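A.B. asks: Got a structure for you, questions after.
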Amino acid sequence: MESNPAPTAALLIIGNEVLSGRTKDANLSHLGTQLSEMGIRMMEARVVPDIEARIIEAVNELRARYTYVFTTGGIGPTHDDITSACIAKAFGVKLIRHPDAMTLLAAHYAATGAEFNDARKKMAEVPEGAALVENPVSKAPGFHIGNVYVFAGIPRIMQAMFDSVRGELATGAKIASRTVSCRIGEGTLAQGLGAIQARHPSIDIGSYPYFAGGGFGVSLVLRGTDEAALDAAADEVRALIRSLGGEPVEGEPVKEEAGK
């Protein structure tokens, strides 16, 4: 597929269980890392409850704004699994039982000896016109329609679904990074760091405080697609740290907790 200089993406995490804290989301970290390696910039992540209007609103906003939208959660067999129906409404199409999904699931449940009941048949429902996304883990497929990719919420299954579609996504220049850590407070670094950012507008420079080894420090993460520009900006960051009496350390230390 042809390279896109700056494809973008958003993740929509659907489910009351994530908002309540009962389920800790692991999908954002994995998807963000994978997309970054493909040169696709993750620009936004949202968590919405199992409320139809909220899901439809978020899907329509995000799909208009970004190259790709990935959703996780809400495509199972229970009453609160409403993602598929909401996506159909967002696109203004009917919700149908996909014949290939029905065949796949019927064979799967026949092989396992479980009843292919109405609840399980619900997992074959997709918006009309959607294409199935393979699920090699538990067989119940995801789907994609337009620029929206709908995955399961279980991390292992989500990761397998993403792997099955990654080859069809437009990619950009790989986003590389450099991390330099030090034991200087953010407030001391702020002015000089701002000046470095101004001199290197193509590089994203982030400051992430931590507590480790009985003291505070900060990790400075530089991200961009131009390796030479990254190295130049990182050299300036190291020089800034030394000018303030600190010692730059490559990479991130083992962190105990975040702190300013």
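As shown in the structure tokens, the chain order sets the letters A, B, ...; within each chain, residues go from 1, and ligands are also counted from 1 in the order they appear.
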Could you give me, as a list in words, the residues within 8 Å of Arg183 in chain A, counting only C-alpha atoms and dropping anything in the same chain fewer than 5 positions from it?
C.D. replies: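 In the requested format, the answer is Gly215, Phe216, Gly217, Val218, Gly246 and Glu247 of chain A.
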A.B. asks: Take the residues just selected and output them with N, CA, C and O atoms as a PDB file, in the first residue's frame.
C.D. replies:
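Okay, selection_38.pdb is ready:
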ATOM      1  N   GLY A 215      14.198   9.749  45.116  1.00  0.00           N
ATOM      2  CA  GLY A 215      14.205  11.140  44.676  1.00  0.00           C
ATOM      3  C   GLY A 215      13.425  11.347  43.400  1.00  0.00           C
ATOM      4  O   GLY A 215      13.066  10.396  42.701  1.00  0.00           O
ATOM      5  N   PHE A 216      13.162  12.625  43.116  1.00  0.00           N
ATOM      6  CA  PHE A 216      12.430  12.977  41.908  1.00  0.00           C
ATOM      7  C   PHE A 216      13.369  13.170  40.722  1.00  0.00           C
ATOM      8  O   PHE A 216      14.544  13.503  40.882  1.00  0.00           O
ATOM      9  N   GLY A 217      12.832  12.952  39.547  1.00  0.00           N
ATOM     10  CA  GLY A 217      13.566  13.200  38.323  1.00  0.00           C
ATOM     11  C   GLY A 217      12.592  13.417  37.192  1.00  0.00           C
ATOM     12  O   GLY A 217      11.378  13.470  37.400  1.00  0.00           O
ATOM     13  N   VAL A 218      13.116  13.505  35.991  1.00  0.00           N
ATOM     14  CA  VAL A 218      12.255  13.710  34.835  1.00  0.00           C
ATOM     15  C   VAL A 218      12.848  12.999  33.628  1.00  0.00           C
ATOM     16  O   VAL A 218      14.067  12.965  33.445  1.00  0.00           O
ATOM     17  N   GLY A 246      23.301  18.938  36.047  1.00  0.00           N
ATOM     18  CA  GLY A 246      22.832  17.562  36.096  1.00  0.00           C
ATOM     19  C   GLY A 246      23.631  16.653  35.190  1.00  0.00           C
ATOM     20  O   GLY A 246      24.523  17.106  34.458  1.00  0.00           O
ATOM     21  N   GLU A 247      23.296  15.373  35.221  1.00  0.00           N
ATOM     22  CA  GLU A 247      23.950  14.386  34.370  1.00  0.00           C
ATOM     23  C   GLU A 247      22.884  13.630  33.578  1.00  0.00           C
ATOM     24  O   GLU A 247      22.020  12.965  34.159  1.00  0.00           O
TER      25      GLU A 247
END
A.B. asks: Please give the complete set of residues from range 10-98 of chain A that DSSP, run on the backbone, assigns to strand (DSSP E), formatted as a PyMOL selection string.
C.D. replies: chain A and resi 10-14+41-48+68-72+95-97
A.B. asks: Have a look at A:Ile145, A:Val137, A:Ala233, A:Val48 and name the one nearest to Glu17 in chain A; count only C-alpha atoms.
C.D. replies: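 Smallest distance to Glu17 in chain A is found for A:Val48.
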A.B. asks: Per residue of range 128-168 of chain A within 12 Å of range 102-108 of chain A, what are the shortest atom pair and its distance in Å to one decimal, counting only C-alpha atoms, with rows by chain and residue number, as CSV?
C.D. replies:
residue,atom,partner,partner_atom,distance
A:Leu132,CA,A:Leu104,CA,11.0
A:Glu134,CA,A:Leu104,CA,10.3
A:Asn135,CA,A:Leu104,CA,10.5
A:Pro136,CA,A:Leu104,CA,11.2
A:Val137,CA,A:His108,CA,11.4
A:Ser138,CA,A:His108,CA,8.8
A:Lys139,CA,A:Leu105,CA,6.8
A:Ala140,CA,A:Leu105,CA,6.5
A:Pro141,CA,A:Leu105,CA,8.8
A.B. asks: Write the residues of the preceding selection, restricted to all heavy atoms, as an mmCIF file, in the first residue's frame.
C.D. replies:
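Contents of part.cif, as written:
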data_model
loop_
_atom_site.group_PDB
_atom_site.id
_atom_site.type_symbol
_atom_site.label_atom_id
_atom_site.label_comp_id
_atom_site.auth_asym_id
_atom_site.auth_seq_id
_atom_site.Cartn_x
_atom_site.Cartn_y
_atom_site.Cartn_z
ATOM 1 N N LEU A 132 -15.728 -8.378 7.484
ATOM 2 C CA LEU A 132 -15.345 -9.043 8.728
ATOM 3 C C LEU A 132 -13.850 -8.897 8.993
ATOM 4 O O LEU A 132 -13.035 -8.825 8.073
ATOM 5 C CB LEU A 132 -15.709 -10.524 8.674
ATOM 6 C CG LEU A 132 -17.189 -10.871 8.507
ATOM 7 C CD1 LEU A 132 -17.380 -12.387 8.555
ATOM 8 C CD2 LEU A 132 -18.035 -10.182 9.578
ATOM 9 N N GLU A 134 -10.912 -10.943 11.004
ATOM 10 C CA GLU A 134 -10.655 -12.283 11.530
ATOM 11 C C GLU A 134 -10.310 -12.258 13.021
ATOM 12 O O GLU A 134 -9.585 -11.385 13.498
ATOM 13 C CB GLU A 134 -9.511 -12.933 10.749
ATOM 14 C CG GLU A 134 -9.202 -14.358 11.197
ATOM 15 C CD GLU A 134 -8.005 -14.950 10.481
ATOM 16 O OE1 GLU A 134 -7.364 -14.222 9.698
ATOM 17 O OE2 GLU A 134 -7.713 -16.130 10.717
ATOM 18 N N ASN A 135 -10.819 -13.244 13.726
ATOM 19 C CA ASN A 135 -10.503 -13.458 15.140
ATOM 20 C C ASN A 135 -9.984 -14.882 15.307
ATOM 21 O O ASN A 135 -10.767 -15.818 15.493
ATOM 22 C CB ASN A 135 -11.751 -13.229 16.002
ATOM 23 C CG ASN A 135 -11.549 -13.640 17.447
ATOM 24 O OD1 ASN A 135 -10.446 -13.955 17.873
ATOM 25 N ND2 ASN A 135 -12.630 -13.651 18.202
ATOM 26 N N PRO A 136 -8.666 -15.081 15.235
ATOM 27 C CA PRO A 136 -8.134 -16.438 15.339
ATOM 28 C C PRO A 136 -8.162 -17.001 16.754
ATOM 29 O O PRO A 136 -7.911 -18.188 16.948
ATOM 30 C CB PRO A 136 -6.683 -16.263 14.855
ATOM 31 C CG PRO A 136 -6.348 -14.849 15.163
ATOM 32 C CD PRO A 136 -7.624 -14.075 14.977
ATOM 33 N N VAL A 137 -8.487 -16.178 17.741
ATOM 34 C CA VAL A 137 -8.466 -16.630 19.132
ATOM 35 C C VAL A 137 -9.769 -17.302 19.531
ATOM 36 O O VAL A 137 -9.790 -18.437 20.007
ATOM 37 C CB VAL A 137 -8.153 -15.456 20.085
ATOM 38 C CG1 VAL A 137 -8.185 -15.919 21.539
ATOM 39 C CG2 VAL A 137 -6.802 -14.825 19.748
ATOM 40 N N SER A 138 -10.893 -16.590 19.363
ATOM 41 C CA SER A 138 -12.179 -17.137 19.802
ATOM 42 C C SER A 138 -13.220 -17.198 18.689
ATOM 43 O O SER A 138 -14.386 -17.482 18.945
ATOM 44 C CB SER A 138 -12.733 -16.312 20.970
ATOM 45 O OG SER A 138 -12.974 -14.973 20.564
ATOM 46 N N LYS A 139 -12.807 -16.920 17.471
ATOM 47 C CA LYS A 139 -13.612 -17.042 16.248
ATOM 48 C C LYS A 139 -14.636 -15.930 16.018
ATOM 49 O O LYS A 139 -14.883 -15.557 14.873
ATOM 50 C CB LYS A 139 -14.323 -18.403 16.178
ATOM 51 C CG LYS A 139 -13.373 -19.585 16.207
ATOM 52 C CD LYS A 139 -12.310 -19.495 15.122
ATOM 53 C CE LYS A 139 -11.340 -20.658 15.180
ATOM 54 N NZ LYS A 139 -10.256 -20.531 14.189
ATOM 55 N N ALA A 140 -15.268 -15.391 17.062
ATOM 56 C CA ALA A 140 -16.262 -14.335 16.852
ATOM 57 C C ALA A 140 -15.571 -13.136 16.201
ATOM 58 O O ALA A 140 -14.665 -12.541 16.793
ATOM 59 C CB ALA A 140 -16.891 -13.932 18.175
ATOM 60 N N PRO A 141 -15.968 -12.754 14.984
ATOM 61 C CA PRO A 141 -15.190 -11.751 14.244
ATOM 62 C C PRO A 141 -15.480 -10.327 14.690
ATOM 63 O O PRO A 141 -16.528 -10.026 15.265
ATOM 64 C CB PRO A 141 -15.654 -11.959 12.802
ATOM 65 C CG PRO A 141 -17.062 -12.455 12.945
ATOM 66 C CD PRO A 141 -17.073 -13.296 14.185
#
A.B. asks: Enumerate, as a PyMOL selection string, the complete set of residues in range 37-235 of chain A that a backbone-based DSSP assignment places in helix (DSSP H, G or I).
C.D. replies: chain A and resi 37+52-65+83-91+99-112+118-124+155-168+186-199+227-235
A.B. asks: Let's have the selection written as a compact mmCIF listing (two decimals), in the first residue's frame, with C-alpha atoms.
C.D. replies:
# COMPACT_ATOMS: atom_id res chain seq x y z
CA GLU A 37 5.91 1.81 14.54
CA GLU A 52 -26.16 4.45 22.43
CA ALA A 53 -26.20 8.22 21.86
CA ARG A 54 -22.73 8.67 23.33
CA ILE A 55 -21.21 5.91 21.19
CA ILE A 56 -22.82 7.17 17.97
CA GLU A 57 -21.75 10.75 18.67
CA ALA A 58 -18.16 9.72 19.38
CA VAL A 59 -17.90 7.46 16.32
CA ASN A 60 -19.16 10.15 13.97
CA GLU A 61 -16.91 12.85 15.43
CA LEU A 62 -13.79 10.70 15.34
CA ARG A 63 -14.29 9.16 11.90
CA ALA A 64 -14.67 12.63 10.40
CA ARG A 65 -11.47 13.85 12.03
CA THR A 83 -21.37 -1.46 19.73
CA SER A 84 -22.34 -3.14 16.45
CA ALA A 85 -25.84 -1.66 16.50
CA CYS A 86 -24.44 1.78 17.33
CA ILE A 87 -21.93 1.66 14.48
CA ALA A 88 -24.74 0.74 12.08
CA LYS A 89 -26.74 3.75 13.26
CA ALA A 90 -23.69 6.02 13.01
CA PHE A 91 -23.34 5.03 9.34
CA PRO A 99 -23.76 -14.94 6.46
CA ASP A 100 -20.03 -15.68 6.66
CA ALA A 101 -19.99 -14.86 10.36
CA MET A 102 -23.00 -17.11 10.92
CA THR A 103 -21.29 -19.99 9.11
CA LEU A 104 -18.05 -19.46 11.02
CA LEU A 105 -19.73 -19.32 14.41
CA ALA A 106 -22.07 -22.24 13.70
CA ALA A 107 -19.07 -24.43 12.86
CA HIS A 108 -17.18 -23.23 15.92
CA TYR A 109 -19.99 -24.00 18.36
CA ALA A 110 -20.73 -27.33 16.69
CA ALA A 111 -17.09 -28.30 17.20
CA THR A 112 -17.13 -27.26 20.84
CA ASP A 118 -29.67 -16.42 19.84
CA ALA A 119 -27.23 -14.71 22.20
CA ARG A 120 -24.26 -16.18 20.35
CA LYS A 121 -25.85 -15.41 16.98
CA LYS A 122 -25.77 -11.76 18.06
CA MET A 123 -21.99 -11.89 17.59
CA ALA A 124 -22.59 -12.36 13.85
CA PRO A 155 -6.57 -7.55 24.91
CA ARG A 156 -5.42 -10.87 23.46
CA ILE A 157 -8.30 -10.91 20.99
CA MET A 158 -7.96 -7.21 20.15
CA GLN A 159 -4.28 -7.72 19.38
CA ALA A 160 -5.02 -10.67 17.10
CA MET A 161 -7.72 -8.69 15.29
CA PHE A 162 -5.37 -5.76 14.78
CA ASP A 163 -2.68 -8.07 13.41
CA SER A 164 -5.18 -9.38 10.85
CA VAL A 165 -5.85 -5.90 9.41
CA ARG A 166 -2.55 -4.08 9.85
CA GLY A 167 -1.42 -4.98 6.33
CA GLU A 168 -4.29 -3.00 4.79
CA GLU A 186 10.77 20.24 35.50
CA GLY A 187 10.58 23.81 36.72
CA THR A 188 14.34 24.21 36.35
CA LEU A 189 14.36 22.67 32.88
CA ALA A 190 11.25 24.38 31.55
CA GLN A 191 12.68 27.55 30.01
CA GLY A 192 15.60 25.87 28.26
CA LEU A 193 13.43 22.98 27.12
CA GLY A 194 10.92 25.39 25.61
CA ALA A 195 13.71 27.06 23.65
CA ILE A 196 14.87 23.68 22.30
CA GLN A 197 11.32 22.85 21.24
CA ALA A 198 11.07 26.18 19.41
CA ARG A 199 14.29 25.43 17.51
CA GLU A 227 16.52 10.68 12.83
CA ALA A 228 19.08 13.45 12.26
CA ALA A 229 16.77 16.08 13.71
CA LEU A 230 16.03 13.79 16.67
CA ASP A 231 19.73 13.35 17.39
CA ALA A 232 20.38 17.08 17.14
CA ALA A 233 17.54 17.92 19.52
CA ALA A 234 18.60 15.18 21.95
CA ASP A 235 22.14 16.56 21.98
A.B. asks: Nearest residue to Val93 in chain A out of A:Tyr68, A:Phe116, A:Met43, A:Ala130, using only C-alpha atoms?
C.D. replies: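 Under the stated criterion, the closest residue is A:Ala130.
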A.B. asks: Tell me which protein, DNA and RNA residues are within 12 Å of Thr33 in chain A, counting only C-alpha atoms, leaving out same-chain ones fewer than 3 positions away, and put them as a tab-separated table (two decimals) with all heavy atoms, in the first residue's frame.
C.D. replies:
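Output contents, as saved in result26.tsv:
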chain	number	residue	atom	x	y	z
A	26	ALA	N	-5.84	-2.14	28.61
A	26	ALA	CA	-4.48	-2.40	28.15
A	26	ALA	C	-4.34	-2.19	26.66
A	26	ALA	O	-3.25	-2.30	26.11
A	26	ALA	CB	-4.08	-3.84	28.51
A	27	ASN	N	-5.46	-1.86	26.01
A	27	ASN	CA	-5.45	-1.79	24.55
A	27	ASN	C	-4.82	-0.51	24.02
A	27	ASN	O	-4.20	-0.50	22.96
A	27	ASN	CB	-6.88	-1.93	24.03
A	27	ASN	CG	-7.45	-3.31	24.28
A	27	ASN	OD1	-6.73	-4.31	24.19
A	27	ASN	ND2	-8.73	-3.39	24.62
A	28	LEU	N	-4.97	0.59	24.74
A	28	LEU	CA	-4.41	1.86	24.27
A	28	LEU	C	-2.90	1.78	24.15
A	28	LEU	O	-2.31	2.20	23.15
A	28	LEU	CB	-4.81	3.00	25.21
A	28	LEU	CG	-4.19	4.38	24.92
A	28	LEU	CD1	-4.52	4.83	23.50
A	28	LEU	CD2	-4.69	5.39	25.94
A	29	SER	N	-2.25	1.24	25.17
A	29	SER	CA	-0.79	1.13	25.15
A	29	SER	C	-0.31	0.28	23.97
A	29	SER	O	0.60	0.66	23.23
A	29	SER	CB	-0.29	0.54	26.47
A	29	SER	OG	1.10	0.33	26.43
A	30	HIS	N	-0.96	-0.88	23.78
A	30	HIS	CA	-0.54	-1.77	22.69
A	30	HIS	C	-0.78	-1.13	21.34
A	30	HIS	O	0.10	-1.12	20.47
A	30	HIS	CB	-1.30	-3.09	22.79
A	30	HIS	CG	-0.96	-4.04	21.69
A	30	HIS	ND1	0.15	-4.86	21.72
A	30	HIS	CD2	-1.57	-4.30	20.50
A	30	HIS	CE1	0.20	-5.58	20.62
A	30	HIS	NE2	-0.82	-5.25	19.85
A	36	SER	N	2.49	3.63	16.14
A	36	SER	CA	3.68	4.47	16.07
A	36	SER	C	4.75	3.83	15.20
A	36	SER	O	5.40	4.50	14.38
A	36	SER	CB	4.22	4.74	17.47
A	36	SER	OG	5.35	5.58	17.44
A	37	GLU	N	4.92	2.53	15.35
A	37	GLU	CA	5.91	1.81	14.54
A	37	GLU	C	5.54	1.81	13.06
A	37	GLU	O	6.40	1.68	12.20
A	37	GLU	CB	6.05	0.38	15.04
A	37	GLU	CG	6.70	0.28	16.42
A	37	GLU	CD	6.77	-1.14	16.93
A	37	GLU	OE1	6.22	-2.05	16.25
A	37	GLU	OE2	7.36	-1.35	18.01
A	38	MET	N	4.25	1.98	12.77
A	38	MET	CA	3.77	2.01	11.39
A	38	MET	C	3.71	3.43	10.83
A	38	MET	O	3.30	3.63	9.69
A	38	MET	CB	2.40	1.37	11.31
A	38	MET	CG	2.37	-0.10	11.72
A	38	MET	SD	0.68	-0.73	11.91
A	38	MET	CE	0.08	-0.62	10.22
A	39	GLY	N	4.06	4.42	11.64
A	39	GLY	CA	4.00	5.80	11.19
A	39	GLY	C	2.60	6.36	11.19
A	39	GLY	O	2.30	7.34	10.49
A	40	ILE	N	1.71	5.76	11.99
A	40	ILE	CA	0.34	6.26	12.15
A	40	ILE	C	0.26	6.93	13.51
A	40	ILE	O	0.52	6.29	14.53
A	40	ILE	CB	-0.70	5.12	12.05
A	40	ILE	CG1	-0.58	4.41	10.69
A	40	ILE	CG2	-2.11	5.66	12.26
A	40	ILE	CD1	-1.44	3.17	10.57
A	41	ARG	N	-0.09	8.20	13.54
A	41	ARG	CA	-0.10	8.95	14.79
A	41	ARG	C	-1.41	8.79	15.54
A	41	ARG	O	-2.47	9.15	15.03
A	41	ARG	CB	0.17	10.43	14.52
A	41	ARG	CG	1.59	10.72	14.04
A	41	ARG	CD	1.83	12.20	13.85
A	41	ARG	NE	3.22	12.47	13.50
A	41	ARG	CZ	4.17	12.74	14.38
A	41	ARG	NH1	3.88	12.78	15.67
A	41	ARG	NH2	5.41	12.98	13.99
A	42	MET	N	-1.32	8.24	16.73
A	42	MET	CA	-2.49	8.19	17.60
A	42	MET	C	-2.73	9.58	18.16
A	42	MET	O	-1.93	10.11	18.93
A	42	MET	CB	-2.26	7.19	18.74
A	42	MET	CG	-3.43	7.11	19.71
A	42	MET	SD	-4.85	6.23	19.06
A	42	MET	CE	-4.35	4.54	19.44
A	159	GLN	N	-5.59	-7.70	20.02
A	159	GLN	CA	-4.28	-7.72	19.38
A	159	GLN	C	-4.28	-8.62	18.15
A	159	GLN	O	-3.69	-8.28	17.11
A	159	GLN	CB	-3.22	-8.17	20.39
A	159	GLN	CG	-2.99	-7.17	21.50
A	159	GLN	CD	-2.16	-7.71	22.64
A	159	GLN	OE1	-1.42	-8.68	22.46
A	159	GLN	NE2	-2.26	-7.10	23.81
A	174	LYS	N	8.10	6.05	9.85
A	174	LYS	CA	8.16	5.50	11.20
A	174	LYS	C	8.53	6.58	12.20
A	174	LYS	O	9.42	7.40	11.96
A	174	LYS	CB	9.18	4.36	11.26
A	174	LYS	CG	9.26	3.70	12.62
A	174	LYS	CD	10.24	2.55	12.63
A	174	LYS	CE	10.32	1.92	14.02
A	174	LYS	NZ	11.25	0.76	14.06
A	175	ILE	N	7.84	6.58	13.32
A	175	ILE	CA	8.09	7.56	14.37
A	175	ILE	C	9.12	6.99	15.33
A	175	ILE	O	8.88	5.98	16.00
A	175	ILE	CB	6.79	7.91	15.10
A	175	ILE	CG1	5.75	8.43	14.11
A	175	ILE	CG2	7.04	8.93	16.21
A	175	ILE	CD1	4.33	8.49	14.67
A	176	ALA	N	10.28	7.61	15.38
A	176	ALA	CA	11.36	7.17	16.27
A	176	ALA	C	11.37	8.03	17.53
A	176	ALA	O	10.70	9.07	17.60
A	176	ALA	CB	12.70	7.28	15.54
A	177	SER	N	12.12	7.60	18.52
A	177	SER	CA	12.17	8.36	19.77
A	177	SER	C	13.54	8.29	20.41
A	177	SER	O	14.33	7.38	20.13
A	177	SER	CB	11.11	7.85	20.76
A	177	SER	OG	11.44	6.55	21.20
A.B. asks: Find the distance between CA of Ala170 in chain A and CA of Thr8 in chain A and write it in Å to one decimal.
C.D. replies: 9.8 Å
A.B. asks: What separation in Å, quoted to one decimal, exists between CA of Gly74 in chain A and CA of Leu95 in chain A?
C.D. replies: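 A separation of 14.8 Å between them.
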A.B. asks: Hey, can you check how far CA of Leu169 in chain A sits from CA of Glu44 in chain A?
C.D. replies: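 Rounded to one decimal, the two atoms are 17.8 Å apart.
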